[in-house]
file run-v9.cif (mmCIF, C-alpha atoms and all ligand atoms)
data_data
#
loop_
_atom_site.group_PDB
_atom_site.id
_atom_site.type_symbol
_atom_site.label_atom_id
_atom_site.label_comp_id
_atom_site.auth_asym_id
_atom_site.auth_seq_id
_atom_site.Cartn_x
_atom_site.Cartn_y
_atom_site.Cartn_z
ATOM 1 C CA MET T 1 98.783 158.781 81.170
ATOM 2 C CA HIS T 2 99.114 160.307 77.712
ATOM 3 C CA PRO T 3 102.872 160.842 77.204
ATOM 4 C CA ASN T 4 102.507 164.578 76.601
ATOM 5 C CA CYS T 5 99.828 165.560 79.040
ATOM 6 C CA ASP T 6 99.598 166.794 82.616
ATOM 7 C CA GLU T 7 95.866 167.492 82.755
ATOM 8 C CA LYS T 8 93.780 165.825 85.442
ATOM 9 C CA ALA T 9 92.426 162.423 84.421
ATOM 10 C CA ILE T 10 88.708 161.678 84.254
ATOM 11 C CA ASN T 11 86.955 158.380 84.918
ATOM 12 C CA SER T 12 87.269 156.533 81.588
ATOM 13 C CA HIS T 13 85.372 153.377 80.751
ATOM 14 C CA ILE T 14 87.584 150.447 79.762
ATOM 15 C CA MET T 15 84.974 149.571 77.160
ATOM 16 C CA GLN T 16 82.525 151.758 75.243
ATOM 17 C CA LYS T 17 79.764 152.772 77.650
ATOM 18 C CA ASN T 18 77.100 153.912 75.216
ATOM 19 C CA GLY T 19 76.442 150.901 73.068
ATOM 20 C CA ILE T 20 78.430 148.011 74.468
ATOM 21 C CA LEU T 21 78.109 148.312 78.262
ATOM 22 C CA SER T 22 74.697 149.976 78.257
ATOM 23 C CA ALA T 23 73.320 147.305 75.900
ATOM 24 C CA ILE T 24 73.795 144.582 78.528
ATOM 25 C CA SER T 25 73.039 146.694 81.594
ATOM 26 C CA ASP T 26 69.904 146.214 83.592
ATOM 27 C CA ASP T 27 68.542 149.333 85.253
ATOM 28 C CA GLN T 28 71.932 150.969 84.416
ATOM 29 C CA HIS T 29 73.827 148.400 86.500
ATOM 30 C CA LEU T 30 76.343 145.608 85.817
ATOM 31 C CA TRP T 31 78.206 143.023 87.870
ATOM 32 C CA GLU T 32 81.954 142.707 88.413
ATOM 33 C CA LEU T 33 84.381 140.504 90.261
ATOM 34 C CA SER T 34 85.566 142.950 92.848
ATOM 35 C CA ILE T 35 88.848 142.672 94.750
ATOM 36 C CA ASP T 36 88.957 143.810 98.354
ATOM 37 C CA HIS T 37 92.347 143.153 99.938
ATOM 38 C CA PHE T 38 91.024 143.947 103.386
ATOM 39 C CA LYS T 39 88.870 140.823 103.451
ATOM 40 C CA GLN T 40 90.010 137.272 104.087
ATOM 41 C CA GLU T 41 88.312 135.980 100.943
ATOM 42 C CA TYR T 42 89.251 139.034 98.967
ATOM 43 C CA ALA T 43 87.239 138.529 95.797
ATOM 44 C CA GLY T 44 83.474 138.652 95.383
ATOM 45 C CA PHE T 45 80.786 139.765 92.954
ATOM 46 C CA LYS T 46 79.443 143.291 93.205
ATOM 47 C CA ARG T 47 76.693 145.134 91.380
ATOM 48 C CA LYS T 48 77.576 148.691 90.418
ATOM 49 C CA GLY T 49 76.140 151.622 88.473
ATOM 50 C CA ILE T 50 77.213 151.903 84.870
ATOM 51 C CA ASN T 51 78.900 155.281 85.367
ATOM 52 C CA LYS T 52 81.246 153.908 87.992
ATOM 53 C CA ILE T 53 81.787 150.306 86.954
ATOM 54 C CA TYR T 54 84.616 149.263 84.599
ATOM 55 C CA THR T 55 86.359 152.643 84.765
ATOM 56 C CA PHE T 56 89.865 153.842 85.529
ATOM 57 C CA THR T 57 91.474 157.269 85.786
ATOM 58 C CA GLY T 58 93.925 157.239 82.898
ATOM 59 C CA PHE T 59 93.291 160.097 80.491
ATOM 60 C CA CYS T 60 92.037 163.674 80.561
ATOM 61 C CA ASN T 61 88.701 164.446 78.958
ATOM 62 C CA HIS T 62 90.343 165.835 75.814
ATOM 63 C CA HIS T 63 92.642 162.863 75.171
ATOM 64 C CA ASP T 64 90.058 160.270 76.168
ATOM 65 C CA SER T 65 87.651 161.590 73.548
ATOM 66 C CA ILE T 66 90.086 162.226 70.679
ATOM 67 C CA ILE T 67 92.246 159.095 70.993
ATOM 68 C CA PHE T 68 89.426 156.572 71.218
ATOM 69 C CA SER T 69 86.815 158.192 68.980
ATOM 70 C CA LYS T 70 87.295 155.529 66.316
ATOM 71 C CA ILE T 71 85.996 152.784 68.621
ATOM 72 C CA GLU T 72 83.649 155.001 70.628
ATOM 73 C CA THR T 73 81.624 157.362 68.518
ATOM 74 C CA GLN T 74 82.338 156.822 64.840
ATOM 75 C CA GLY T 75 79.680 154.207 64.136
ATOM 76 C CA LYS T 76 80.324 150.553 63.411
ATOM 77 C CA ILE T 77 83.703 149.219 64.582
ATOM 78 C CA ASP T 78 85.818 147.656 61.835
ATOM 79 C CA PHE T 79 87.806 144.801 63.358
ATOM 80 C CA ASN T 80 89.834 144.462 60.178
ATOM 81 C CA ASP T 81 91.157 147.960 60.794
ATOM 82 C CA TYR T 82 94.545 147.830 62.542
ATOM 83 C CA GLU T 83 94.149 151.107 64.391
ATOM 84 C CA SER T 84 90.749 150.125 65.840
ATOM 85 C CA CYS T 85 92.195 146.893 67.237
ATOM 86 C CA LEU T 86 95.176 148.794 68.595
ATOM 87 C CA LEU T 87 92.906 151.186 70.505
ATOM 88 C CA PHE T 88 91.309 148.291 72.385
ATOM 89 C CA ALA T 89 94.769 147.057 73.369
ATOM 90 C CA LEU T 90 95.934 150.559 74.299
ATOM 91 C CA ARG T 91 93.079 151.056 76.714
ATOM 92 C CA THR T 92 93.571 147.599 78.200
ATOM 93 C CA ALA T 93 97.287 148.320 78.666
ATOM 94 C CA TYR T 94 96.646 151.589 80.508
ATOM 95 C CA ASN T 95 93.989 150.049 82.721
ATOM 96 C CA GLU T 96 96.546 147.399 83.713
ATOM 97 C CA ILE T 97 99.156 150.073 84.458
ATOM 98 C CA TRP T 98 96.605 151.970 86.508
ATOM 99 C CA LEU T 99 95.686 148.829 88.498
ATOM 100 C CA LYS T 100 99.364 148.314 89.297
ATOM 101 C CA GLU T 101 99.732 151.934 90.401
ATOM 102 C CA VAL T 102 96.790 151.479 92.760
ATOM 103 C CA VAL T 103 98.421 148.388 94.299
ATOM 104 C CA ILE T 104 101.719 150.271 94.752
ATOM 105 C CA LYS T 105 99.953 153.239 96.427
ATOM 106 C CA MET T 106 98.069 150.893 98.768
ATOM 107 C CA GLN T 107 101.201 149.057 99.877
ATOM 108 C CA GLU T 108 103.010 152.379 100.391
ATOM 109 C CA CYS T 109 100.158 153.595 102.586
ATOM 110 C CA VAL T 110 100.346 150.476 104.740
ATOM 111 C CA ILE T 111 104.126 150.862 105.123
ATOM 112 C CA LYS T 112 103.713 154.543 106.049
ATOM 113 C CA SER T 113 101.003 153.762 108.594
ATOM 114 C CA GLU T 114 103.704 151.970 110.628
ATOM 115 C CA VAL T 115 101.468 149.106 111.670
ATOM 116 C CA ASP T 116 103.445 146.360 113.290
ATOM 117 C CA ILE T 117 104.038 144.021 110.342
ATOM 118 C CA ASP T 118 106.991 142.740 108.428
ATOM 119 C CA THR T 119 107.229 145.107 105.461
ATOM 120 C CA TRP T 120 109.375 142.796 103.337
ATOM 121 C CA MET T 121 106.377 141.297 101.508
ATOM 122 C CA LEU T 122 104.874 144.726 100.881
ATOM 123 C CA GLU T 123 108.141 146.040 99.506
ATOM 124 C CA GLU T 124 108.490 143.007 97.262
ATOM 125 C CA THR T 125 104.942 143.575 95.929
ATOM 126 C CA ILE T 126 105.838 147.211 95.202
ATOM 127 C CA ARG T 127 109.040 146.143 93.461
ATOM 128 C CA GLN T 128 107.244 143.586 91.281
ATOM 129 C CA ASN T 129 104.474 145.991 90.308
ATOM 130 C CA LYS T 130 107.003 148.693 89.403
ATOM 131 C CA LEU T 131 108.858 146.193 87.225
ATOM 132 C CA ALA T 132 105.596 145.187 85.564
ATOM 133 C CA ILE T 133 104.841 148.841 84.763
ATOM 134 C CA ILE T 134 108.263 149.213 83.133
ATOM 135 C CA ASP T 135 107.572 146.049 81.111
ATOM 136 C CA MET T 136 104.199 147.457 80.012
ATOM 137 C CA GLU T 137 105.909 150.594 78.724
ATOM 138 C CA PHE T 138 107.522 148.519 75.999
ATOM 139 C CA TYR T 139 104.003 147.868 74.665
ATOM 140 C CA THR T 140 102.552 151.336 75.203
ATOM 141 C CA GLN T 141 105.526 153.014 73.507
ATOM 142 C CA ALA T 142 105.068 150.758 70.492
ATOM 143 C CA MET T 143 101.346 151.602 70.472
ATOM 144 C CA TRP T 144 101.849 155.383 70.526
ATOM 145 C CA ASN T 145 104.471 154.984 67.862
ATOM 146 C CA ASP T 146 102.058 152.993 65.678
ATOM 147 C CA LEU T 147 99.318 155.587 66.124
ATOM 148 C CA GLN T 148 101.633 158.412 65.191
ATOM 149 C CA ASN T 149 103.512 156.829 62.311
ATOM 150 C CA LYS T 150 100.888 154.422 60.939
ATOM 151 C CA THR T 151 103.230 151.490 61.602
ATOM 152 C CA GLU T 152 101.991 148.050 62.716
ATOM 153 C CA SER T 153 104.004 146.555 65.581
ATOM 154 C CA PHE T 154 101.309 144.108 66.691
ATOM 155 C CA ASN T 155 99.427 141.201 65.195
ATOM 156 C CA PHE T 156 95.687 141.148 65.844
ATOM 157 C CA GLU T 157 93.152 138.395 65.247
ATOM 158 C CA PHE T 158 89.401 138.543 65.752
ATOM 159 C CA ARG T 159 86.581 136.054 65.703
ATOM 160 C CA GLU T 160 82.828 136.155 66.156
ATOM 161 C CA THR T 161 81.313 133.781 68.702
ATOM 162 C CA ASP T 162 77.895 133.166 70.220
ATOM 163 C CA TYR T 163 76.426 136.166 71.991
ATOM 164 C CA GLN T 164 77.312 136.267 75.699
ATOM 165 C CA GLU T 165 76.590 139.154 78.042
ATOM 166 C CA ILE T 166 80.104 139.475 79.408
ATOM 167 C CA CYS T 167 82.847 142.035 78.631
ATOM 168 C CA LEU T 168 86.472 141.240 79.243
ATOM 169 C CA ASN T 169 89.522 143.445 78.633
ATOM 170 C CA SER T 170 92.662 142.004 79.996
ATOM 171 C CA ILE T 171 96.299 141.272 79.464
ATOM 172 C CA TYR T 172 97.364 137.704 79.720
ATOM 173 C CA THR T 173 100.964 136.833 80.394
ATOM 174 C CA TYR T 174 102.024 134.052 78.037
ATOM 175 C CA ASP T 175 104.894 132.941 80.259
ATOM 176 C CA THR T 176 103.529 130.860 83.124
ATOM 177 C CA SER T 177 104.410 131.556 86.781
ATOM 178 C CA GLN T 178 106.397 128.338 86.751
ATOM 179 C CA GLU T 179 108.432 129.425 83.722
ATOM 180 C CA ILE T 180 109.063 132.843 85.270
ATOM 181 C CA MET T 181 110.200 131.226 88.536
ATOM 182 C CA ASP T 182 112.410 128.713 86.730
ATOM 183 C CA TYR T 183 114.029 131.595 84.867
ATOM 184 C CA GLN T 184 114.729 133.429 88.139
ATOM 185 C CA MET T 185 116.273 130.310 89.651
ATOM 186 C CA LYS T 186 118.397 129.595 86.614
ATOM 187 C CA TYR T 187 119.678 133.084 85.845
ATOM 188 C CA LYS T 188 119.378 134.700 89.308
ATOM 189 C CA ARG T 189 117.499 137.678 87.890
ATOM 190 C CA ASP T 190 114.013 138.661 86.706
ATOM 191 C CA MET T 191 112.943 137.588 83.239
ATOM 192 C CA GLU T 192 113.363 140.362 80.695
ATOM 193 C CA ARG T 193 109.880 141.451 79.619
ATOM 194 C CA PRO T 194 107.425 138.553 79.782
ATOM 195 C CA SER T 195 105.255 138.274 76.634
ATOM 196 C CA GLU T 196 101.850 139.871 77.044
ATOM 197 C CA ILE T 197 98.755 139.014 75.029
ATOM 198 C CA PHE T 198 95.965 141.616 74.871
ATOM 199 C CA ILE T 199 92.461 140.186 74.996
ATOM 200 C CA SER T 200 89.071 141.781 74.517
ATOM 201 C CA TYR T 201 85.869 139.776 74.490
ATOM 202 C CA PHE T 202 82.525 141.550 74.335
ATOM 203 C CA PRO T 203 79.016 141.456 72.870
ATOM 204 C CA TYR T 204 78.629 143.453 69.688
ATOM 205 C CA THR T 205 75.705 143.465 67.269
ATOM 206 C CA ASN T 206 74.106 140.138 68.325
ATOM 207 C CA LYS T 207 77.439 138.287 68.417
ATOM 208 C CA SER T 208 80.343 138.295 70.796
ATOM 209 C CA ILE T 209 83.710 139.408 69.478
ATOM 210 C CA LEU T 210 86.988 137.892 70.567
ATOM 211 C CA LEU T 211 89.946 140.136 69.768
ATOM 212 C CA MET T 212 93.524 139.173 70.635
ATOM 213 C CA GLY T 213 96.837 140.862 69.912
ATOM 214 C CA TYR T 214 100.519 140.440 70.620
ATOM 215 C CA HIS T 215 103.728 142.280 69.737
ATOM 216 C CA LYS T 216 105.401 141.060 66.562
ATOM 217 C CA ASP T 217 108.692 140.566 68.479
ATOM 218 C CA ASP T 218 106.871 137.827 70.412
ATOM 219 C CA ALA T 219 105.303 136.167 67.379
ATOM 220 C CA GLN T 220 107.535 133.123 67.334
ATOM 221 C CA LYS T 221 106.831 132.404 70.986
ATOM 222 C CA VAL T 222 103.088 133.090 71.278
ATOM 223 C CA LYS T 223 101.629 132.754 67.789
ATOM 224 C CA GLY T 224 100.857 129.030 68.048
ATOM 225 C CA TYR T 225 99.057 129.523 71.337
ATOM 226 C CA VAL T 226 97.009 132.514 70.162
ATOM 227 C CA ASN T 227 96.065 130.681 66.972
ATOM 228 C CA LEU T 228 94.372 127.972 69.054
ATOM 229 C CA PHE T 229 91.708 130.543 69.968
ATOM 230 C CA PHE T 230 90.993 131.168 66.297
ATOM 231 C CA LYS T 231 91.372 127.760 64.711
ATOM 232 C CA GLU T 232 89.651 125.496 67.225
ATOM 233 C CA ASN T 233 85.945 124.710 67.106
ATOM 234 C CA LEU T 234 83.510 126.704 69.189
ATOM 235 C CA LYS T 235 83.203 124.028 71.863
ATOM 236 C CA LYS T 236 86.926 124.075 72.579
ATOM 237 C CA LEU T 237 87.034 127.865 72.353
ATOM 238 C CA ASN T 238 84.250 128.157 74.929
ATOM 239 C CA ARG T 239 86.235 126.035 77.373
ATOM 240 C CA ARG T 240 89.365 128.026 76.700
ATOM 241 C CA LEU T 241 87.534 131.305 77.335
ATOM 242 C CA SER T 242 85.853 129.910 80.439
ATOM 243 C CA SER T 243 89.197 128.865 81.910
ATOM 244 C CA LEU T 244 90.642 132.261 81.141
ATOM 245 C CA ILE T 245 87.759 134.122 82.762
ATOM 246 C CA SER T 246 87.511 131.825 85.815
ATOM 247 C CA PHE T 247 91.181 131.377 86.591
ATOM 248 C CA ASN T 248 93.314 134.053 84.962
ATOM 249 C CA CYS T 249 91.571 137.333 84.189
ATOM 250 C CA GLU T 250 89.948 139.620 86.699
ATOM 251 C CA THR T 251 88.995 142.560 84.502
ATOM 252 C CA TRP T 252 85.484 141.829 83.274
ATOM 253 C CA VAL T 253 81.868 142.799 83.816
ATOM 254 C CA CYS T 254 78.636 140.999 83.023
ATOM 255 C CA SER T 255 74.887 141.515 82.823
ATOM 256 C CA ASN T 256 72.405 140.730 85.538
ATOM 257 C CA ASN T 257 71.163 137.707 83.543
ATOM 258 C CA PHE T 258 74.670 136.310 83.152
ATOM 259 C CA TYR T 259 75.294 136.814 86.856
ATOM 260 C CA LYS T 260 72.060 135.090 87.895
ATOM 261 C CA GLU T 261 72.581 132.140 85.550
ATOM 262 C CA LYS T 262 76.303 131.534 85.965
ATOM 263 C CA LEU T 263 77.756 133.261 89.005
ATOM 264 C CA GLU T 264 75.277 133.907 91.793
ATOM 265 C CA GLY T 265 76.319 131.999 94.915
ATOM 266 C CA LEU T 266 79.811 131.211 93.620
ATOM 267 C CA ASP T 267 81.776 134.052 95.293
ATOM 268 C CA SER T 268 83.769 131.662 97.406
ATOM 269 C CA GLU T 269 84.420 129.287 94.490
ATOM 270 C CA PHE T 270 85.746 132.134 92.337
ATOM 271 C CA PHE T 271 88.002 133.267 95.141
ATOM 272 C CA LYS T 272 89.332 129.730 95.477
ATOM 273 C CA ALA T 273 89.771 129.498 91.702
ATOM 274 C CA MET T 274 92.100 132.512 91.843
ATOM 275 C CA GLN T 275 94.168 130.892 94.568
ATOM 276 C CA PHE T 276 94.194 127.603 92.712
ATOM 277 C CA SER T 277 95.458 129.389 89.631
ATOM 278 C CA ALA T 278 98.217 131.170 91.567
ATOM 279 C CA LYS T 279 99.454 127.851 92.962
ATOM 280 C CA ASN T 280 98.994 125.774 89.841
ATOM 281 C CA GLY T 281 101.865 127.511 88.042
ATOM 282 C CA ASN T 282 100.617 126.755 84.523
ATOM 283 C CA GLU T 283 98.286 129.543 83.409
ATOM 284 C CA ARG T 284 98.118 128.198 79.865
ATOM 285 C CA LYS T 285 96.302 125.063 80.948
ATOM 286 C CA THR T 286 92.627 124.780 80.041
ATOM 287 C CA PHE T 287 90.306 123.203 82.587
ATOM 288 C CA ASN T 288 87.113 121.318 82.056
ATOM 289 C CA VAL T 289 84.746 124.165 82.897
ATOM 290 C CA ASP T 290 82.365 125.781 80.444
ATOM 291 C CA PHE T 291 80.515 129.004 81.187
ATOM 292 C CA PHE T 292 78.414 128.506 78.132
ATOM 293 C CA LYS T 293 76.774 125.306 79.281
ATOM 294 C CA ASP T 294 73.644 125.222 81.410
ATOM 295 C CA ASP T 295 75.239 123.125 84.147
ATOM 296 C CA PHE T 296 78.227 125.449 84.631
ATOM 297 C CA LYS T 297 77.423 126.244 88.270
ATOM 298 C CA LYS T 298 77.225 122.601 89.266
ATOM 299 C CA ASN T 299 80.377 121.639 87.352
ATOM 300 C CA PHE T 300 82.394 124.598 88.594
ATOM 301 C CA ARG T 301 81.462 123.812 92.187
ATOM 302 C CA SER T 302 82.517 120.196 91.891
ATOM 303 C CA PHE T 303 85.726 121.180 90.067
ATOM 304 C CA ILE T 304 86.665 123.500 92.940
ATOM 305 C CA ASP T 305 85.637 120.911 95.554
ATOM 306 C CA LYS T 306 87.809 118.312 93.908
ATOM 307 C CA ASN T 307 90.861 120.484 93.222
ATOM 308 C CA VAL T 308 90.881 123.075 95.978
ATOM 309 C CA GLY T 309 88.511 121.816 98.643
HETATM 310 ZN ZN ZN T 401 95.418 164.539 78.329
#

call {"tool": "encode", "arguments": {"input": "run-v9.cif", "output": "C-alpha cells"}}
result
Amino acid sequence: MHPNCDEKAINSHIMQKNGILSAISDDQHLWELSIDHFKQEYAGFKRKGINKIYTFTGFCNHHDSIIFSKIETQGKIDFNDYESCLLFALRTAYNEIWLKEVVIKMQECVIKSEVDIDTWMLEETIRQNKLAIIDMEFYTQAMWNDLQNKTESFNFEFRETDYQEICLNSIYTYDTSQEIMDYQMKYKRDMERPSEIFISYFPYTNKSILLMGYHKDDAQKVKGYVNLFFKENLKKLNRRLSSLISFNCETWVCSNNFYKEKLEGLDSEFFKAMQFSAKNGNERKTFNVDFFKDDFKKNFRSFIDKNVG
C-alpha cells in the first residue's frame, strides 16, 4: 500500500507487537471481536495467537520496518511529537482501507459464484466501499505529504487515562448515518468526503493513552466534539469510550483478564449493539454504559434488553 512499492505485503500488526500487545497477552494470546459474515449473528469474541491477531497485509517488510520505526523500535514514544502521532493514524487508515478491500473481494466472489441471489445489494456494498476507499485517500495523501515535507495537516490530541488492557485503533466518522442519509436525500448524491477522526487507545507504561486526530480542513466541524474527549472528567470520558467501543468501533483487541471480566458471555449482546447502532442513526450519542465499572456486564445486558430486545 506504500505509494511507490509493488513488493508483496507481509502481515503487519496494527499496533506495536513487542511491548504493547505482548504486554497484555496471556500465553501469547489476545481476544478480538471477530466478524464472520457467513453466520446469522455475525460478530463474536475469538481468542487468537499474538502473531496472527490484529494484523493486516498492507506493507512490505522493508516499508513496514522503516516507516513505523519511530513508534515501534526507537524506545519511548513521544506523544507530543507530530510525526509519531501521524504514524498511528497512518497505520489505522491503511488497516481501514484493507478491511474495505477485503469486503469488496468477498462480495465480488459471491457475485462470481452465480448463486441464485439478487446481486443489487452486493453491488451497492461494493460501490460504497470503493467510495470510502477514495475518501480515505484524501487522508493518506495528506499523511505521506506530511511525512515527506515535514508539514502538519492534522491536529492531534492525547490524554493519559487509567490503565485498561484494551487496544483500539479505529477511524470514526464524525457525520452520523442520519446526516449522511439526509444529505443524499437533499442533494441526490453522496456526501463529499465525510469527516474522519482517527482514534488510538492503548495501554502504555502503566497508563492508557487516548490519541485522537483529524484533518485541519475539518477543524471547524469536528473540533468541539473531539475536545469533549480531552476536557471532560474521567467519568464522562469512560462512558464516551465505552459507547465508542461497544457501538461504533470494531477494530480492537483485549487481554484475557479484560475479556473474562467484561465480555465473556456477551457475544450476542455485542452483536445486537452493532445492529442497534446501525439503526439508531446517531453515532455521536453516548449511552449509559461503562466498561470501567464492575457492574458493566449486568448494565450492558439490561441496556440491550431494554433497547434492542
Ligand atoms: Zn514496500

call {"tool": "residues_near_ligand", "arguments": {"input": "run-v9.cif", "ligand": "ligand ZN 401 (chain T)", "cutoff": "8 Å", "atoms": "all atoms listed in the file", "output": "JSON, numbers by chain"}}
result
{"T": [1, 2, 4, 5, 6, 7, 8, 9, 59, 60, 61, 62, 63, 64]}

call {"tool": "write_last_selection", "arguments": {"input": "run-v9.cif", "atoms": "C-alpha atoms", "output": "PDB file, in the coordinates of the input"}}
result
ATOM      1  CA  MET T   1      98.783 158.781  81.170  1.00  0.00           C
ATOM      2  CA  HIS T   2      99.114 160.307  77.712  1.00  0.00           C
ATOM      3  CA  ASN T   4     102.507 164.578  76.601  1.00  0.00           C
ATOM      4  CA  CYS T   5      99.828 165.560  79.040  1.00  0.00           C
ATOM      5  CA  ASP T   6      99.598 166.794  82.616  1.00  0.00           C
ATOM      6  CA  GLU T   7      95.866 167.492  82.755  1.00  0.00           C
ATOM      7  CA  LYS T   8      93.780 165.825  85.442  1.00  0.00           C
ATOM      8  CA  ALA T   9      92.426 162.423  84.421  1.00  0.00           C
ATOM      9  CA  PHE T  59      93.291 160.097  80.491  1.00  0.00           C
ATOM     10  CA  CYS T  60      92.037 163.674  80.561  1.00  0.00           C
ATOM     11  CA  ASN T  61      88.701 164.446  78.958  1.00  0.00           C
ATOM     12  CA  HIS T  62      90.343 165.835  75.814  1.00  0.00           C
ATOM     13  CA  HIS T  63      92.642 162.863  75.171  1.00  0.00           C
ATOM     14  CA  ASP T  64      90.058 160.270  76.168  1.00  0.00           C
TER      15      ASP T  64
END

call {"tool": "axis_aligned_box", "arguments": {"input": "run-v9.cif", "around": "region 271-275 of chain T", "padding_each_side": "6 Å", "output": "AutoDock Vina command-line options"}}
result
--center_x 91.1 --center_y 131.4 --center_z 93.6 --size_x 18.2 --size_y 15.8 --size_z 15.8

call {"tool": "resolve_selection", "arguments": {"input": "run-v9.cif", "expression": "the PyMOL selection byres (((chain T and resi 276) around 12) and not hetatm)", "output": "ChimeraX atom specification"}}
result
/T:243,246-248,269-275,277-283,287,303-309

call {"tool": "write_last_selection", "arguments": {"input": "run-v9.cif", "atoms": "C-alpha atoms", "output": "PDB file, keeping the file's coordinate frame"}}
result
ATOM      1  CA  SER T 243      89.197 128.865  81.910  1.00  0.00           C
ATOM      2  CA  SER T 246      87.511 131.825  85.815  1.00  0.00           C
ATOM      3  CA  PHE T 247      91.181 131.377  86.591  1.00  0.00           C
ATOM      4  CA  ASN T 248      93.314 134.053  84.962  1.00  0.00           C
ATOM      5  CA  GLU T 269      84.420 129.287  94.490  1.00  0.00           C
ATOM      6  CA  PHE T 270      85.746 132.134  92.337  1.00  0.00           C
ATOM      7  CA  PHE T 271      88.002 133.267  95.141  1.00  0.00           C
ATOM      8  CA  LYS T 272      89.332 129.730  95.477  1.00  0.00           C
ATOM      9  CA  ALA T 273      89.771 129.498  91.702  1.00  0.00           C
ATOM     10  CA  MET T 274      92.100 132.512  91.843  1.00  0.00           C
ATOM     11  CA  GLN T 275      94.168 130.892  94.568  1.00  0.00           C
ATOM     12  CA  SER T 277      95.458 129.389  89.631  1.00  0.00           C
ATOM     13  CA  ALA T 278      98.217 131.170  91.567  1.00  0.00           C
ATOM     14  CA  LYS T 279      99.454 127.851  92.962  1.00  0.00           C
ATOM     15  CA  ASN T 280      98.994 125.774  89.841  1.00  0.00           C
ATOM     16  CA  GLY T 281     101.865 127.511  88.042  1.00  0.00           C
ATOM     17  CA  ASN T 282     100.617 126.755  84.523  1.00  0.00           C
ATOM     18  CA  GLU T 283      98.286 129.543  83.409  1.00  0.00           C
ATOM     19  CA  PHE T 287      90.306 123.203  82.587  1.00  0.00           C
ATOM     20  CA  PHE T 303      85.726 121.180  90.067  1.00  0.00           C
ATOM     21  CA  ILE T 304      86.665 123.500  92.940  1.00  0.00           C
ATOM     22  CA  ASP T 305      85.637 120.911  95.554  1.00  0.00           C
ATOM     23  CA  LYS T 306      87.809 118.312  93.908  1.00  0.00           C
ATOM     24  CA  ASN T 307      90.861 120.484  93.222  1.00  0.00           C
ATOM     25  CA  VAL T 308      90.881 123.075  95.978  1.00  0.00           C
ATOM     26  CA  GLY T 309      88.511 121.816  98.643  1.00  0.00           C
TER      27      GLY T 309
END

call {"tool": "resolve_selection", "arguments": {"input": "run-v9.cif", "expression": "the PyMOL selection byres (((chain T and resi 20-28) around 12) and not hetatm)", "output": "ChimeraX atom specification"}}
result
/T:13-19,29-32,47-55,71-73,76-77,163-168,201-209,252-259

call {"tool": "resolve_selection", "arguments": {"input": "run-v9.cif", "expression": "the PyMOL selection byres (((chain T and resi 142-157) around 6) and not hetatm)", "output": "list in words"}}
result
Tyr139, Thr140, Gln141, Phe158, Leu211, Met212, Gly213, Tyr214, His215 and Lys216 of chain T

call {"tool": "write_last_selection", "arguments": {"input": "run-v9.cif", "atoms": "C-alpha atoms", "output": "PDB file, in the frame of the given file"}}
result
ATOM      1  CA  TYR T 139     104.003 147.868  74.665  1.00  0.00           C
ATOM      2  CA  THR T 140     102.552 151.336  75.203  1.00  0.00           C
ATOM      3  CA  GLN T 141     105.526 153.014  73.507  1.00  0.00           C
ATOM      4  CA  PHE T 158      89.401 138.543  65.752  1.00  0.00           C
ATOM      5  CA  LEU T 211      89.946 140.136  69.768  1.00  0.00           C
ATOM      6  CA  MET T 212      93.524 139.173  70.635  1.00  0.00           C
ATOM      7  CA  GLY T 213      96.837 140.862  69.912  1.00  0.00           C
ATOM      8  CA  TYR T 214     100.519 140.440  70.620  1.00  0.00           C
ATOM      9  CA  HIS T 215     103.728 142.280  69.737  1.00  0.00           C
ATOM     10  CA  LYS T 216     105.401 141.060  66.562  1.00  0.00           C
TER      11      LYS T 216
END

call {"tool": "atom_distance", "arguments": {"input": "run-v9.cif", "atom1": "CA of Phe296 (chain T)", "atom2": "CA of Lys262 (chain T)"}}
result
6.5 Å

call {"tool": "residues_around", "arguments": {"input": "run-v9.cif", "residues": "region 290-292 of chain T", "least_positions_apart": "5", "cutoff": "7 Å", "atoms": "all atoms listed in the file", "output": "PyMOL selection string"}}
result
chain T and resi 238-239+242+262

call {"tool": "atom_distance", "arguments": {"input": "run-v9.cif", "atom1": "CA of Asn95 (chain T)", "atom2": "CA of Ala132 (chain T)"}}
result
12.9 Å

call {"tool": "residues_around", "arguments": {"input": "run-v9.cif", "residues": "Tyr225 (chain T)", "least_positions_apart": "6", "cutoff": "12 Å", "atoms": "all atoms listed in the file", "output": "list in words"}}
result
Tyr172, Thr173, Tyr174, Asp175, Ser195, Ile197, Met212, Gly213, Tyr214, Asp218, Ala219, Lys231, Glu232, Arg240, Arg284, Lys285 and Thr286 of chain T

call {"tool": "closest_residue", "arguments": {"input": "run-v9.cif", "among": "T:Met106, T:Ile35, T:Val226, T:Ile10", "to": "Phe198 (chain T)", "atoms": "only C-alpha atoms"}}
result
T:Val226

call {"tool": "residues_around", "arguments": {"input": "run-v9.cif", "residues": "Lys100 (chain T)", "least_positions_apart": "4", "cutoff": "8 Å", "atoms": "only C-alpha atoms", "output": "number ranges by chain"}}
result
T: 96, 104, 129-130, 132-133

call {"tool": "atom_distance", "arguments": {"input": "run-v9.cif", "atom1": "CA of Glu137 (chain T)", "atom2": "CA of Val102 (chain T)"}}
result
16.8 Å

call {"tool": "residues_around", "arguments": {"input": "run-v9.cif", "residues": "Ala89 (chain T)", "least_positions_apart": "2", "cutoff": "9 Å", "atoms": "all atoms listed in the file", "output": "number ranges by chain"}}
result
T: 85-87, 91-94, 143, 169-171, 198-200, 212-213

call {"tool": "build_atoms", "arguments": {"input": "run-v9.cif", "residues": "region 103-107 of chain T", "atoms": "N, CA and C atoms", "output": "CSV table (one decimal), keeping the file's coordinate frame"}}
result
chain,number,residue,atom,x,y,z
T,103,VAL,N,97.8,149.4,93.4
T,103,VAL,CA,98.4,148.4,94.3
T,103,VAL,C,99.7,149.0,95.0
T,104,ILE,N,100.5,149.7,94.2
T,104,ILE,CA,101.7,150.3,94.8
T,104,ILE,C,101.3,151.3,95.8
T,105,LYS,N,100.4,152.2,95.5
T,105,LYS,CA,100.0,153.2,96.4
T,105,LYS,C,99.4,152.6,97.7
T,106,MET,N,98.6,151.5,97.6
T,106,MET,CA,98.1,150.9,98.8
T,106,MET,C,99.1,150.3,99.7
T,107,GLN,N,100.1,149.6,99.1
T,107,GLN,CA,101.2,149.1,99.9
T,107,GLN,C,102.0,150.2,100.6
